[in-house]
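Working notes, structure below.
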Amino acid sequence: MEYTSDGDAVDLPGLFADLVRCETRLYNALNERLRERHGIVTSQFESLRFLRDHPAARVADLASEFAAGVGAMSKGVDRLEKQGWIVRQPNPSDRRSSLLALTDAGARLVEAAEQTFTEQLTHLLGTAVASSSLSAVAQTLSQLRGALERDQVGLPAG
């Protein structure tokens, strides 16, 4: 099935397959490198980076950012806490939730892992796609993500 916009035909099922397969392969490659160098996986790195950039976030904030279920995200937070990379603190405005904060060890880990993450992503993308094309892809995916998030498309059911 093709979609036509402004005279350009796009194979939408093919586009979907390419998006998903690229994401999976990039995620797996980053997982491997982060595990090898830092003993963490990509999902842990992304959670730690989010918490670094959003101090006093809640589990629900992580779940919203990553379009994941609150229960699954809470289990991931439990694992990060068990490793000593984050702590839960009482939420003064809502006693039912906790605020999450990086520990010093978590901050050091995310800083070191971010360098590895960026180097590997630069290598993977930079050797495959010209920077001018990559810029267009980034802009397009940002626009698509914004529309999906605005319309609350693809949120977990529960």
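By order in the structure tokens, chains are A, B, ...; within a chain, residues start at 1; ligands start at 1, following the order shown.
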Can you pull out every residue within 6 Å of Ala57 in chain A, counting only C-alpha atoms, but drop anything in the same chain fewer than 2 positions away, and send it as an mmCIF file with C-alpha atoms, in the first residue's frame?
```
data_model
loop_
_atom_site.group_PDB
_atom_site.id
_atom_site.type_symbol
_atom_site.label_atom_id
_atom_site.label_comp_id
_atom_site.auth_asym_id
_atom_site.auth_seq_id
_atom_site.Cartn_x
_atom_site.Cartn_y
_atom_site.Cartn_z
ATOM 1 C CA HIS A 54 15.044 15.710 34.917
ATOM 2 C CA PRO A 55 15.874 15.904 38.625
ATOM 3 C CA ASP A 61 7.486 10.499 34.328
ATOM 4 C CA LEU A 99 11.005 11.346 43.572
ATOM 5 C CA LEU A 100 14.003 9.723 41.915
#
```
Every residue of range 42-125 of chain A that DSSP places in strand (DSSP E or B), as a ChimeraX atom specification: /A:57,86-90,98-102
Quick one: everything within 10 Å of Glu81 in chain A, counting only C-alpha atoms, minus sequence neighbours fewer than 3 positions away in the same chain. Send it as a ChimeraX atom specification. /A:75-78,84-88,100-103,106
What's around Leu109 in chain A at 10 Å? Count only C-alpha atoms, leave out sequence neighbours fewer than 3 positions away in its own chain, and write the answer as number ranges by chain. A: 38-40, 45, 48-49, 85, 102-106, 112-114
Selection export as a PDB file, in the first residue's frame, atoms kept: N, CA, C and O atoms:
```
ATOM      1  N   HIS A  38      30.429  -0.818  30.393  1.00  0.00           N
ATOM      2  CA  HIS A  38      29.917  -0.231  31.634  1.00  0.00           C
ATOM      3  C   HIS A  38      29.028  -1.166  32.458  1.00  0.00           C
ATOM      4  O   HIS A  38      28.572  -0.775  33.534  1.00  0.00           O
ATOM      5  N   GLY A  39      28.712  -2.335  31.926  1.00  0.00           N
ATOM      6  CA  GLY A  39      27.882  -3.277  32.665  1.00  0.00           C
ATOM      7  C   GLY A  39      26.418  -2.891  32.753  1.00  0.00           C
ATOM      8  O   GLY A  39      25.721  -3.337  33.665  1.00  0.00           O
ATOM      9  N   ILE A  40      25.960  -2.055  31.811  1.00  0.00           N
ATOM     10  CA  ILE A  40      24.554  -1.666  31.763  1.00  0.00           C
ATOM     11  C   ILE A  40      24.021  -1.894  30.357  1.00  0.00           C
ATOM     12  O   ILE A  40      24.786  -2.108  29.421  1.00  0.00           O
ATOM     13  N   PHE A  45      20.726   2.906  30.653  1.00  0.00           N
ATOM     14  CA  PHE A  45      21.401   4.162  30.321  1.00  0.00           C
ATOM     15  C   PHE A  45      20.377   5.262  30.052  1.00  0.00           C
ATOM     16  O   PHE A  45      20.510   6.376  30.560  1.00  0.00           O
ATOM     17  N   LEU A  48      18.800   6.422  33.308  1.00  0.00           N
ATOM     18  CA  LEU A  48      19.741   7.221  34.092  1.00  0.00           C
ATOM     19  C   LEU A  48      19.941   8.600  33.470  1.00  0.00           C
ATOM     20  O   LEU A  48      19.971   9.614  34.175  1.00  0.00           O
ATOM     21  N   ARG A  49      20.047   8.659  32.168  1.00  0.00           N
ATOM     22  CA  ARG A  49      20.224   9.949  31.492  1.00  0.00           C
ATOM     23  C   ARG A  49      18.989  10.832  31.691  1.00  0.00           C
ATOM     24  O   ARG A  49      19.100  12.030  31.941  1.00  0.00           O
ATOM     25  N   TRP A  85      22.571   3.134  41.918  1.00  0.00           N
ATOM     26  CA  TRP A  85      22.713   4.218  40.948  1.00  0.00           C
ATOM     27  C   TRP A  85      21.665   5.312  41.136  1.00  0.00           C
ATOM     28  O   TRP A  85      21.841   6.421  40.651  1.00  0.00           O
ATOM     29  N   LEU A 102      19.644  10.563  41.026  1.00  0.00           N
ATOM     30  CA  LEU A 102      20.888   9.821  40.809  1.00  0.00           C
ATOM     31  C   LEU A 102      21.764   9.907  42.051  1.00  0.00           C
ATOM     32  O   LEU A 102      21.822  10.945  42.709  1.00  0.00           O
ATOM     33  N   THR A 103      22.444   8.829  42.342  1.00  0.00           N
ATOM     34  CA  THR A 103      23.491   8.866  43.354  1.00  0.00           C
ATOM     35  C   THR A 103      24.763   9.369  42.674  1.00  0.00           C
ATOM     36  O   THR A 103      24.803   9.511  41.436  1.00  0.00           O
ATOM     37  N   ASP A 104      25.795   9.597  43.440  1.00  0.00           N
ATOM     38  CA  ASP A 104      27.075   9.989  42.837  1.00  0.00           C
ATOM     39  C   ASP A 104      27.571   8.895  41.885  1.00  0.00           C
ATOM     40  O   ASP A 104      28.068   9.191  40.797  1.00  0.00           O
ATOM     41  N   ALA A 105      27.402   7.643  42.290  1.00  0.00           N
ATOM     42  CA  ALA A 105      27.819   6.530  41.430  1.00  0.00           C
ATOM     43  C   ALA A 105      26.998   6.514  40.141  1.00  0.00           C
ATOM     44  O   ALA A 105      27.529   6.256  39.051  1.00  0.00           O
ATOM     45  N   GLY A 106      25.705   6.786  40.237  1.00  0.00           N
ATOM     46  CA  GLY A 106      24.848   6.836  39.051  1.00  0.00           C
ATOM     47  C   GLY A 106      25.234   7.975  38.129  1.00  0.00           C
ATOM     48  O   GLY A 106      25.241   7.824  36.899  1.00  0.00           O
ATOM     49  N   ALA A 112      30.070   8.520  32.021  1.00  0.00           N
ATOM     50  CA  ALA A 112      30.988   7.647  31.285  1.00  0.00           C
ATOM     51  C   ALA A 112      30.255   6.918  30.156  1.00  0.00           C
ATOM     52  O   ALA A 112      30.764   6.822  29.037  1.00  0.00           O
ATOM     53  N   ALA A 113      29.074   6.411  30.459  1.00  0.00           N
ATOM     54  CA  ALA A 113      28.306   5.662  29.458  1.00  0.00           C
ATOM     55  C   ALA A 113      27.848   6.565  28.317  1.00  0.00           C
ATOM     56  O   ALA A 113      27.748   6.121  27.171  1.00  0.00           O
ATOM     57  N   GLU A 114      27.588   7.827  28.621  1.00  0.00           N
ATOM     58  CA  GLU A 114      27.145   8.743  27.569  1.00  0.00           C
ATOM     59  C   GLU A 114      28.232   8.929  26.515  1.00  0.00           C
ATOM     60  O   GLU A 114      27.944   9.009  25.325  1.00  0.00           O
TER      61      GLU A 114
END
```
Report, in Å with one decimal, the straight-line distance from CA of Ser98 in chain A to CA of Gly154 in chain A.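 Computing the Euclidean distance for CA of Ser98 in chain A and CA of Gly154 in chain A yields 25.5 Å.
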Excluding range 21-24 of chain A and residues on its chain fewer than 3 positions from it, collect all residues at most 12 Å away from it, counting only C-alpha atoms, and give them as a VMD selection string. chain A and resid 14 to 18 27 to 31 42 121 124 to 125 128 141
